[in-house]
$ cat work.tsv   # TSV, C-alpha atoms
chain	number	residue	atom	x	y	z
T	1348	MET	CA	96.09	92.55	113.12
T	1349	PRO	CA	99.29	93.93	111.51
T	1350	LEU	CA	101.00	96.80	113.30
T	1351	LEU	CA	100.97	98.78	110.04
T	1352	GLU	CA	98.71	98.04	107.10
T	1353	VAL	CA	98.88	100.18	103.96
T	1354	GLN	CA	95.90	99.66	101.65
T	1355	ASP	CA	95.78	100.92	98.05
T	1356	LEU	CA	97.75	104.09	98.86
T	1357	ARG	CA	97.81	106.77	96.16
T	1358	THR	CA	99.87	109.96	96.28
T	1359	GLU	CA	99.99	112.68	93.63
T	1360	PHE	CA	102.26	115.68	93.08
T	1361	ARG	CA	101.82	118.84	91.06
T	1362	ALA	CA	104.19	119.24	88.14
T	1363	ALA	CA	104.59	121.53	85.15
T	1364	GLN	CA	102.78	119.02	82.94
T	1365	GLY	CA	99.97	118.54	85.46
T	1366	SER	CA	99.33	116.13	88.31
T	1367	VAL	CA	101.52	112.99	88.43
T	1368	THR	CA	100.98	109.87	90.51
T	1369	ALA	CA	104.12	108.88	92.44
T	1370	VAL	CA	102.49	106.17	94.58
T	1371	ASP	CA	99.89	104.18	92.69
T	1372	GLY	CA	97.81	101.66	94.63
T	1373	VAL	CA	100.53	100.48	97.01
T	1374	SER	CA	99.56	97.90	99.64
T	1375	PHE	CA	101.70	96.07	102.20
T	1376	SER	CA	101.84	95.32	105.92
T	1377	VAL	CA	104.35	95.21	108.77
T	1378	ASP	CA	103.77	93.02	111.82
T	1379	ALA	CA	104.90	93.93	115.33
T	1380	GLY	CA	108.62	93.30	115.78
T	1381	GLU	CA	109.09	92.48	112.09
T	1382	MET	CA	111.57	93.97	109.64
T	1383	VAL	CA	110.12	94.46	106.13
T	1384	ALA	CA	112.01	95.86	103.14
T	1385	LEU	CA	110.76	98.21	100.43
T	1386	VAL	CA	113.20	97.98	97.51
T	1387	GLY	CA	113.50	99.71	94.15
T	1388	GLU	CA	115.41	102.12	91.94
T	1389	SER	CA	115.67	105.80	92.76
T	1390	GLY	CA	112.45	107.59	91.84
T	1391	CYS	CA	110.20	104.54	92.13
T	1392	GLY	CA	108.15	106.06	94.98
T	1393	LYS	CA	109.73	104.50	98.08
T	1394	SER	CA	110.36	107.75	99.97
T	1395	ALA	CA	107.03	109.19	98.85
T	1396	THR	CA	105.35	106.12	100.35
T	1397	ALA	CA	107.13	106.62	103.69
T	1398	GLN	CA	106.35	110.34	103.74
T	1399	SER	CA	102.71	109.59	102.96
T	1400	ILE	CA	102.57	107.23	105.94
T	1401	MET	CA	104.03	109.92	108.21
T	1402	GLY	CA	101.70	112.61	106.91
T	1403	LEU	CA	104.56	114.66	105.46
T	1404	ILE	CA	102.99	115.17	102.03
T	1405	VAL	CA	101.64	118.69	102.24
T	1406	PRO	CA	99.17	120.26	99.76
T	1407	PRO	CA	99.26	121.96	97.34
T	1408	VAL	CA	102.60	120.50	96.22
T	1409	GLY	CA	101.51	116.96	96.95
T	1410	GLN	CA	98.47	115.14	98.25
T	1411	VAL	CA	97.45	111.65	99.33
T	1412	THR	CA	94.41	111.04	97.13
T	1413	GLY	CA	93.35	107.55	98.14
T	1414	GLY	CA	93.78	104.47	100.29
T	1415	LYS	CA	94.24	103.83	103.99
T	1416	VAL	CA	97.22	103.73	106.35
T	1417	LEU	CA	96.16	101.72	109.38
T	1418	PHE	CA	98.48	101.91	112.38
T	1419	GLU	CA	97.29	99.71	115.24
T	1420	GLY	CA	93.88	99.73	113.56
T	1421	ARG	CA	93.58	103.54	113.28
T	1422	ASP	CA	93.69	105.27	109.90
T	1423	LEU	CA	96.47	107.87	109.96
T	1424	LEU	CA	95.07	109.58	106.87
T	1425	THR	CA	91.87	110.60	108.69
T	1426	MET	CA	93.59	111.90	111.83
T	1427	LYS	CA	93.63	115.56	112.73
T	1428	ALA	CA	96.98	117.36	112.92
T	1429	GLY	CA	97.18	117.12	116.72
T	1430	GLU	CA	96.42	113.39	116.74
T	1431	LEU	CA	99.04	112.76	114.06
T	1432	ARG	CA	101.68	114.70	115.99
T	1433	ALA	CA	101.05	112.46	118.99
T	1434	VAL	CA	101.68	109.39	116.83
T	1435	ARG	CA	104.88	110.72	115.26
T	1436	GLY	CA	107.89	109.96	117.40
T	1437	LYS	CA	106.04	107.94	120.03
T	1438	GLY	CA	104.17	105.52	117.74
T	1439	ILE	CA	106.07	105.81	114.46
T	1440	ALA	CA	109.52	107.35	113.99
T	1441	MET	CA	111.39	108.01	110.78
T	1442	ILE	CA	115.12	108.00	110.02
T	1443	PHE	CA	115.81	110.14	106.94
T	1444	GLN	CA	118.50	109.35	104.39
T	1445	ASP	CA	120.56	112.51	104.85
T	1446	PRO	CA	121.22	113.34	108.52
T	1447	MET	CA	123.05	116.56	107.62
T	1448	THR	CA	119.84	118.07	106.23
T	1449	SER	CA	117.60	116.39	108.83
T	1450	LEU	CA	119.47	117.69	111.87
T	1451	ASN	CA	119.21	121.39	112.70
T	1452	PRO	CA	122.69	122.89	112.10
T	1453	VAL	CA	122.27	125.66	114.70
T	1454	LEU	CA	121.14	123.44	117.59
T	1455	THR	CA	123.33	121.09	119.62
T	1456	ILE	CA	122.80	117.35	119.51
T	1457	GLY	CA	121.64	117.47	123.14
T	1458	LYS	CA	119.00	120.12	122.40
T	1459	GLN	CA	117.60	118.12	119.49
T	1460	LEU	CA	117.57	114.84	121.41
T	1461	THR	CA	115.92	116.21	124.54
T	1462	GLU	CA	113.20	118.13	122.69
T	1463	SER	CA	111.19	115.03	121.74
T	1464	LEU	CA	111.77	113.48	125.17
T	1465	ARG	CA	110.28	116.49	126.90
T	1466	LEU	CA	107.45	116.84	124.40
T	1467	HIS	CA	106.29	113.22	124.13
T	1468	LEU	CA	107.37	111.76	127.48
T	1469	GLY	CA	107.05	114.86	129.66
T	1470	LEU	CA	110.55	114.48	131.13
T	1471	SER	CA	112.21	117.30	133.05
T	1472	GLY	CA	115.33	118.92	131.64
T	1473	ARG	CA	117.67	116.87	133.84
T	1474	ALA	CA	115.85	113.58	133.20
T	1475	ALA	CA	115.75	114.24	129.45
T	1476	ARG	CA	119.49	114.92	129.40
T	1477	ALA	CA	120.20	111.70	131.31
T	1478	ARG	CA	118.04	109.78	128.87
T	1479	ALA	CA	119.84	111.43	125.92
T	1480	VAL	CA	123.17	110.19	127.28
T	1481	GLU	CA	121.72	106.66	127.54
T	1482	LEU	CA	120.52	106.85	123.94
T	1483	LEU	CA	123.92	107.92	122.61
T	1484	GLU	CA	125.51	105.07	124.56
T	1485	MET	CA	122.94	102.71	123.06
T	1486	VAL	CA	123.95	103.68	119.52
T	1487	ARG	CA	127.63	103.30	120.49
T	1488	ILE	CA	128.78	106.91	120.30
T	1489	PRO	CA	131.91	107.43	122.44
T	1490	ALA	CA	131.97	110.13	125.12
T	1491	PRO	CA	128.20	110.68	124.91
T	1492	GLU	CA	128.05	113.46	127.51
T	1493	THR	CA	130.56	115.48	125.51
T	1494	ARG	CA	128.72	114.86	122.25
T	1495	LEU	CA	125.54	116.40	123.65
T	1496	SER	CA	127.28	119.78	123.35
T	1497	SER	CA	128.41	119.15	119.77
T	1498	TYR	CA	126.77	120.56	116.64
T	1499	PRO	CA	125.95	118.32	113.65
T	1500	HIS	CA	128.83	119.64	111.53
T	1501	GLN	CA	131.28	118.55	114.24
T	1502	LEU	CA	130.33	114.88	113.81
T	1503	SER	CA	131.21	112.44	111.04
T	1504	GLY	CA	128.56	111.12	108.69
T	1505	GLY	CA	128.37	107.81	110.53
T	1506	MET	CA	127.99	109.50	113.91
T	1507	ARG	CA	125.28	111.81	112.58
T	1508	GLN	CA	123.36	108.79	111.35
T	1509	ARG	CA	123.75	107.18	114.77
T	1510	VAL	CA	122.28	110.35	116.31
T	1511	MET	CA	119.32	110.05	113.94
T	1512	ILE	CA	118.80	106.44	115.06
T	1513	ALA	CA	119.00	107.57	118.69
T	1514	MET	CA	116.37	110.24	118.03
T	1515	ALA	CA	114.12	107.68	116.34
T	1516	LEU	CA	114.41	105.33	119.35
T	1517	SER	CA	114.12	108.07	121.97
T	1518	CYS	CA	110.39	107.67	122.62
T	1519	GLU	CA	110.39	103.88	122.18
T	1520	PRO	CA	108.22	103.78	119.01
T	1521	ARG	CA	106.54	100.59	117.86
T	1522	LEU	CA	107.61	101.22	114.24
T	1523	ILE	CA	110.61	102.88	112.55
T	1524	LEU	CA	110.67	103.93	108.90
T	1525	ALA	CA	114.34	103.74	107.86
T	1526	ASP	CA	114.66	105.59	104.56
T	1527	GLU	CA	117.96	104.89	102.72
T	1528	ILE	CA	119.91	105.35	105.94
T	1529	THR	CA	123.25	104.14	104.52
T	1530	THR	CA	123.24	105.98	101.16
T	1531	ALA	CA	125.97	108.54	101.92
T	1532	LEU	CA	128.20	106.23	103.99
T	1533	ASP	CA	131.22	104.17	103.00
T	1534	VAL	CA	130.84	100.38	103.11
T	1535	THR	CA	132.53	99.92	106.49
T	1536	ILE	CA	130.34	102.48	108.26
T	1537	GLN	CA	127.34	101.18	106.31
T	1538	ALA	CA	127.86	97.70	107.75
T	1539	GLN	CA	128.17	99.14	111.27
T	1540	ILE	CA	124.93	101.13	110.92
T	1541	LEU	CA	123.04	98.12	109.55
T	1542	ASP	CA	124.31	95.89	112.36
T	1543	LEU	CA	123.38	98.56	114.89
T	1544	LEU	CA	119.84	98.96	113.55
T	1545	ARG	CA	119.29	95.19	113.42
T	1546	ASP	CA	120.58	94.70	116.98
T	1547	LEU	CA	118.57	97.59	118.41
T	1548	ALA	CA	115.39	96.44	116.68
T	1549	ALA	CA	115.87	92.96	118.14
T	1550	GLU	CA	116.58	94.34	121.63
T	1551	THR	CA	113.66	96.77	121.73
T	1552	GLY	CA	111.13	94.74	119.72
T	1553	THR	CA	110.61	97.68	117.36
T	1554	ALA	CA	109.28	96.91	113.89
T	1555	VAL	CA	111.19	98.41	110.94
T	1556	LEU	CA	110.20	99.32	107.39
T	1557	PHE	CA	113.62	99.26	105.73
T	1558	ILE	CA	113.68	101.34	102.54
T	1559	THR	CA	116.60	100.86	100.16
T	1560	HIS	CA	117.64	100.62	96.51
T	1561	ASP	CA	120.23	97.95	97.34
T	1562	LEU	CA	119.05	94.33	97.34
T	1563	GLY	CA	122.53	93.40	98.57
T	1564	VAL	CA	121.79	94.68	102.08
T	1565	VAL	CA	118.29	93.22	102.27
T	1566	ALA	CA	119.28	89.56	102.67
T	1567	GLY	CA	120.68	90.04	106.16
T	1568	MET	CA	118.11	92.60	107.31
T	1569	ALA	CA	114.53	91.88	106.29
T	1570	GLU	CA	112.14	88.98	106.72
T	1571	ARG	CA	109.89	90.00	103.83
T	1572	VAL	CA	110.55	92.12	100.74
T	1573	ASN	CA	108.33	94.38	98.63
T	1574	VAL	CA	109.89	95.26	95.27
T	1575	MET	CA	108.67	98.61	93.92
T	1576	TYR	CA	108.83	99.98	90.39
T	1577	ALA	CA	107.27	103.12	88.88
T	1578	GLY	CA	104.99	103.72	91.85
T	1579	GLN	CA	103.72	100.14	92.18
T	1580	ILE	CA	104.60	96.99	94.12
T	1581	VAL	CA	105.68	94.53	91.42
T	1582	GLU	CA	106.76	91.61	93.63
T	1583	ARG	CA	106.28	90.57	97.24
T	1584	ALA	CA	107.91	87.58	98.88
T	1585	ASP	CA	109.65	86.10	101.86
T	1586	THR	CA	113.32	87.17	101.66
T	1587	VAL	CA	114.69	83.66	101.19
T	1588	GLU	CA	112.07	82.92	98.56
T	1589	LEU	CA	112.81	86.15	96.71
T	1590	PHE	CA	116.51	85.36	96.40
T	1591	HIS	CA	115.95	81.73	95.45
T	1592	ARG	CA	112.84	82.08	93.26
T	1593	PRO	CA	112.57	85.64	91.92
T	1594	GLN	CA	109.52	85.87	89.67
T	1595	MET	CA	109.50	89.36	88.15
T	1596	PRO	CA	112.06	90.16	85.41
T	1597	TYR	CA	112.68	93.48	87.16
T	1598	THR	CA	113.69	91.59	90.31
T	1599	TRP	CA	116.01	89.41	88.21
T	1600	GLY	CA	117.61	92.59	86.91
T	1601	LEU	CA	118.09	94.00	90.43
T	1602	LEU	CA	119.68	90.75	91.60
T	1603	GLY	CA	121.87	90.59	88.48
T	1604	SER	CA	123.28	94.06	89.17
T	1605	VAL	CA	124.42	93.23	92.73
T	1606	PRO	CA	128.19	92.58	93.03
T	1607	ARG	CA	129.01	89.00	94.04
T	1608	LEU	CA	132.18	87.71	95.67
T	1609	ASP	CA	132.13	84.55	93.55
T	1610	GLN	CA	132.15	86.61	90.35
T	1611	VAL	CA	134.86	89.16	91.13
T	1612	ARG	CA	137.39	87.98	88.54
T	1613	GLY	CA	136.18	88.67	85.05
T	1614	GLY	CA	132.63	89.23	86.25
T	1615	LYS	CA	130.64	92.21	85.04
T	1616	LEU	CA	127.77	94.03	86.65
T	1617	ARG	CA	124.73	93.76	84.40
T	1618	PRO	CA	122.62	96.91	84.65
T	1619	ILE	CA	118.99	96.92	83.64
T	1620	ALA	CA	118.74	98.40	80.16
T	1621	GLY	CA	116.78	101.59	79.59
T	1622	GLN	CA	115.29	104.10	82.01
T	1623	PRO	CA	112.23	104.07	84.30
T	1624	PRO	CA	109.17	105.68	82.70
T	1625	GLU	CA	108.28	109.31	83.28
T	1626	LEU	CA	105.54	109.70	85.89
T	1627	SER	CA	103.60	111.85	83.45
T	1628	ALA	CA	103.85	109.29	80.62
T	1629	MET	CA	103.33	105.82	82.03
T	1630	PRO	CA	103.09	103.03	79.41
T	1631	PRO	CA	99.56	101.60	79.03
T	1632	GLY	CA	100.62	98.03	79.75
T	1633	CYS	CA	103.22	96.65	82.16
T	1634	ARG	CA	105.31	99.57	83.38
T	1635	PHE	CA	108.47	97.50	83.12
T	1636	GLY	CA	107.51	96.28	79.65
T	1637	PRO	CA	109.65	98.74	77.62
T	1638	ARG	CA	112.77	97.50	79.47
T	1639	CYS	CA	111.85	93.81	79.68
T	1640	THR	CA	113.58	91.34	77.33
T	1641	HIS	CA	110.65	88.92	77.76
T	1642	ALA	CA	107.85	91.38	76.93
T	1643	ARG	CA	105.07	90.20	74.61
T	1644	ASP	CA	102.04	91.84	73.03
T	1645	VAL	CA	99.91	91.43	76.15
T	1646	CYS	CA	102.60	93.20	78.21
T	1647	VAL	CA	102.32	96.27	75.99
T	1648	GLU	CA	98.53	96.28	75.80
T	1649	SER	CA	97.37	95.56	79.34
T	1650	SER	CA	98.66	96.15	82.86
T	1651	PRO	CA	98.99	92.99	85.00
T	1652	ALA	CA	97.60	92.82	88.53
T	1653	LEU	CA	99.60	91.79	91.59
T	1654	THR	CA	98.61	88.14	91.90
T	1655	PRO	CA	99.84	85.07	93.81
T	1656	VAL	CA	102.54	82.99	92.16
T	1657	ARG	CA	101.24	79.65	90.95
T	1658	GLY	CA	102.64	76.94	93.19
T	1659	GLY	CA	103.61	79.42	95.93
T	1660	VAL	CA	103.12	78.76	99.63
T	1661	ASP	CA	99.97	80.30	101.19
T	1662	ASP	CA	99.91	83.12	98.65
T	1663	VAL	CA	102.99	84.63	100.31
T	1664	GLN	CA	104.72	85.38	97.01
T	1665	LEU	CA	102.97	87.71	94.59
T	1666	THR	CA	104.11	89.22	91.32
T	1667	ARG	CA	102.89	91.73	88.75
T	1668	CYS	CA	103.89	89.94	85.53
T	1669	TRP	CA	101.91	88.43	82.64
T	1670	GLY	CA	104.67	85.89	82.04
T	1671	MET	CA	104.14	84.41	85.48
T	1672	GLN	CA	100.35	84.38	85.31
T	1673	ASP	CA	99.74	82.46	82.09
T	1674	VAL	CA	102.54	79.88	82.09
T	1675	PRO	CA	102.00	76.26	83.21
T	1676	GLU	CA	102.63	75.07	86.77
T	1677	GLY	CA	106.32	75.59	87.54
T	1678	GLY	CA	106.68	77.67	84.39
T	1679	TRP	CA	108.81	80.22	86.20
T	1680	LEU	CA	111.64	77.69	86.05
T	1681	SER	CA	111.75	77.70	82.28
T	1682	LEU	CA	111.59	81.49	82.13
T	1683	LYS	CA	114.31	81.86	84.72
T	1684	ASP	CA	116.45	79.29	82.88
T	1685	ARG	CA	115.99	81.23	79.65
T	1686	TYR	CA	117.12	84.38	81.44
T	1687	ALA	CA	120.19	82.55	82.79
T	1688	ASP	CA	120.95	81.23	79.30
T	1689	GLN	CA	120.75	84.75	77.94
T	1690	LEU	CA	123.26	85.98	80.53
T	1691	ASN	CA	125.60	83.09	79.75
T	1692	GLN	CA	125.45	83.92	76.03
T	1693	GLU	CA	126.32	87.55	76.79
T	1694	LYS	CA	129.45	86.39	78.62

$ encode --input "work.tsv" --output "structure tokens"
Amino acid sequence: MPLLEVQDLRTEFRAAQGSVTAVDGVSFSVDAGEMVALVGESGCGKSATAQSIMGLIVPPVGQVTGGKVLFEGRDLLTMKAGELRAVRGKGIAMIFQDPMTSLNPVLTIGKQLTESLRLHLGLSGRAARARAVELLEMVRIPAPETRLSSYPHQLSGGMRQRVMIAMALSCEPRLILADEITTALDVTIQAQILDLLRDLAAETGTAVLFITHDLGVVAGMAERVNVMYAGQIVERADTVELFHRPQMPYTWGLLGSVPRLDQVRGGKLRPIAGQPPELSAMPPGCRFGPRCTHARDVCVESSPALTPVRGGVDDVQLTRCWGMQDVPEGGWLSLKDRYADQLNQEK
């Protein structure tokens, strides 16, 4: 049984033009001790998916309207508020993308760290403080006892993010949802935070759902990748397989826009043309169709299902693309070659 299994999750939000679906039939799983990535452009529904899992979508602004979120076999969506609070922090913890808005500016770091320790683990004030010092040492913050008396604004962005990681690990959860945790950091601090999260996850055996828009950081972090676009999973694969045999044209575009060291001189980043569709005006066919250079009539008329790639291993790789479902065995090679030829012609 997977540690976390999301089945056909649907989340809607109220908008001026009516109800819009931000998460549309999303399904994936995370095994114990595994690191799984959820990747896509801004606005594709990644954060809404994580917040739906944590029960942070609150009516009437938003509402989870369908599906299941099974954590250790129990459906989080059917839990009462008290049961869900017991799961948050101790079973599942979340690291938000902006620590400055996630940390309380009027409370010290020590106060915010010890609160969950006393609530979930029942530690005394002295024991909670000692544990807080251990946690700050674990995330490699210098002078941890001194930092307990600091306020968030007195710490750098990298140190605030380390505090958020410490808070997520404080109650030894089985799963961490890491939502764009390196977005506001420079590349040096970003690398340190990623190394820290990877090392801590390996040491503690904690599973991680790593949410990001950057495929460049996924290769060294995740074992499996779910690519998300316009509220749907459009490709799922083992990380190595995704980078070596990407099936969905959207995934090709994401990979093509990642800077590469072997293409620094004279190389150009190749952004995906066009814009993601409005949630209130989804195209009737493939949602990536209006931006896809390989779109055909069927792509405009009908929406493809997420199906196994022909010739894949044990149905591990799935894609939502008509071009990959009706081509001959190994046909992805010819399509990928055509895409490569097109890029070479553009050069």

$ closest_residue --input "work.tsv" --among "T:Gly1603, T:Gln1622, T:Thr1412, T:Ile1536" --to "Val1367 in chain T" --atoms "only C-alpha atoms"
T:Thr1412

$ closest_atom_pairs --input "work.tsv" --of "range 1418-1537 of chain T" --to "range 1546-1550 of chain T" --cutoff "12 Å" --atoms "all atoms listed in the file" --output "CSV"
residue,atom,partner,partner_atom,distance
T:Leu1482,CA,T:Leu1547,CA,11.0
T:Glu1484,CA,T:Leu1547,CA,11.9
T:Met1485,CA,T:Leu1547,CA,8.2
T:Val1486,CA,T:Leu1547,CA,8.2
T:Arg1487,CA,T:Leu1547,CA,10.9
T:Arg1509,CA,T:Leu1547,CA,11.5
T:Ile1512,CA,T:Leu1547,CA,9.5
T:Ala1513,CA,T:Leu1547,CA,10.0
T:Ala1515,CA,T:Leu1547,CA,11.2
T:Leu1516,CA,T:Leu1547,CA,8.8
T:Ser1517,CA,T:Leu1547,CA,11.9
T:Glu1519,CA,T:Ala1548,CA,10.5
T:Pro1520,CA,T:Ala1548,CA,10.5
T:Arg1521,CA,T:Ala1548,CA,9.8
T:Leu1522,CA,T:Ala1548,CA,9.5
T:Ile1523,CA,T:Ala1548,CA,9.0
T:Leu1524,CA,T:Ala1548,CA,11.8
T:Ala1525,CA,T:Ala1548,CA,11.5

$ residues_around --input "work.tsv" --residues "range 1448-1452 of chain T" --least-positions-apart "3" --cutoff "8 Å" --atoms "all atoms listed in the file" --output "PyMOL selection string"
chain T and resi 1443+1445+1455+1459+1498-1500+1511

$ residues_around --input "work.tsv" --residues "Leu1589 in chain T" --least-positions-apart "3" --cutoff "9 Å" --atoms "all atoms listed in the file" --output "list of chain:residue names"
T:Arg1571, T:Val1572, T:Glu1582, T:Arg1583, T:Ala1584, T:Asp1585, T:Thr1586, T:Arg1592, T:Pro1593, T:Gln1594, T:Thr1598, T:Gln1664

$ atom_distance --input "work.tsv" --atom1 "CA of Ser1627 in chain T" --atom2 "CA of Ala1362 in chain T"
8.8 Å

$ residues_around --input "work.tsv" --residues "Cys1633 in chain T" --least-positions-apart "5" --cutoff "9 Å" --atoms "all atoms listed in the file" --output "list in words"
Ala1642, Val1645, Cys1646, Val1647, Glu1648, Ser1649, Ser1650, Pro1651, Arg1667, Cys1668 and Trp1669 of chain T

$ closest_residue --input "work.tsv" --among "T:Cys1391, T:Gln1508, T:Val1408, T:Asp1542" --to "Phe1635 in chain T" --atoms "all atoms listed in the file"
T:Cys1391

$ residues_around --input "work.tsv" --residues "Tyr1597 in chain T" --least-positions-apart "6" --cutoff "9 Å" --atoms "all atoms listed in the file" --output "VMD selection string"
chain T and resid 1574 1576 1581 to 1582 1619 1635 1638 to 1639

$ closest_residue --input "work.tsv" --among "T:Arg1361, T:Pro1606, T:Arg1507, T:Thr1425" --to "Val1405 in chain T" --atoms "all atoms listed in the file"
T:Arg1361

$ atom_distance --input "work.tsv" --atom1 "CA of Arg1473 in chain T" --atom2 "CA of Thr1493 in chain T"
15.4 Å

$ atom_distance --input "work.tsv" --atom1 "CA of Ser1503 in chain T" --atom2 "CA of Glu1481 in chain T"
19.9 Å

$ residues_around --input "work.tsv" --residues "Gly1392 in chain T" --least-positions-apart "6" --cutoff "9 Å" --atoms "only C-alpha atoms" --output "PyMOL selection string"
chain T and resi 1369-1371+1575-1579

$ closest_residue --input "work.tsv" --among "T:Thr1640, T:Ser1374, T:Ser1604, T:Thr1666" --to "Glu1388 in chain T" --atoms "only C-alpha atoms"
T:Ser1604

$ closest_residue --input "work.tsv" --among "T:Ala1397, T:Leu1350, T:Ile1528, T:Ala1428" --to "Gln1444 in chain T" --atoms "all atoms listed in the file"
T:Ile1528

$ closest_residue --input "work.tsv" --among "T:Phe1375, T:Gly1365, T:Leu1356, T:Leu1424" --to "Ala1628 in chain T" --atoms "only C-alpha atoms"
T:Gly1365
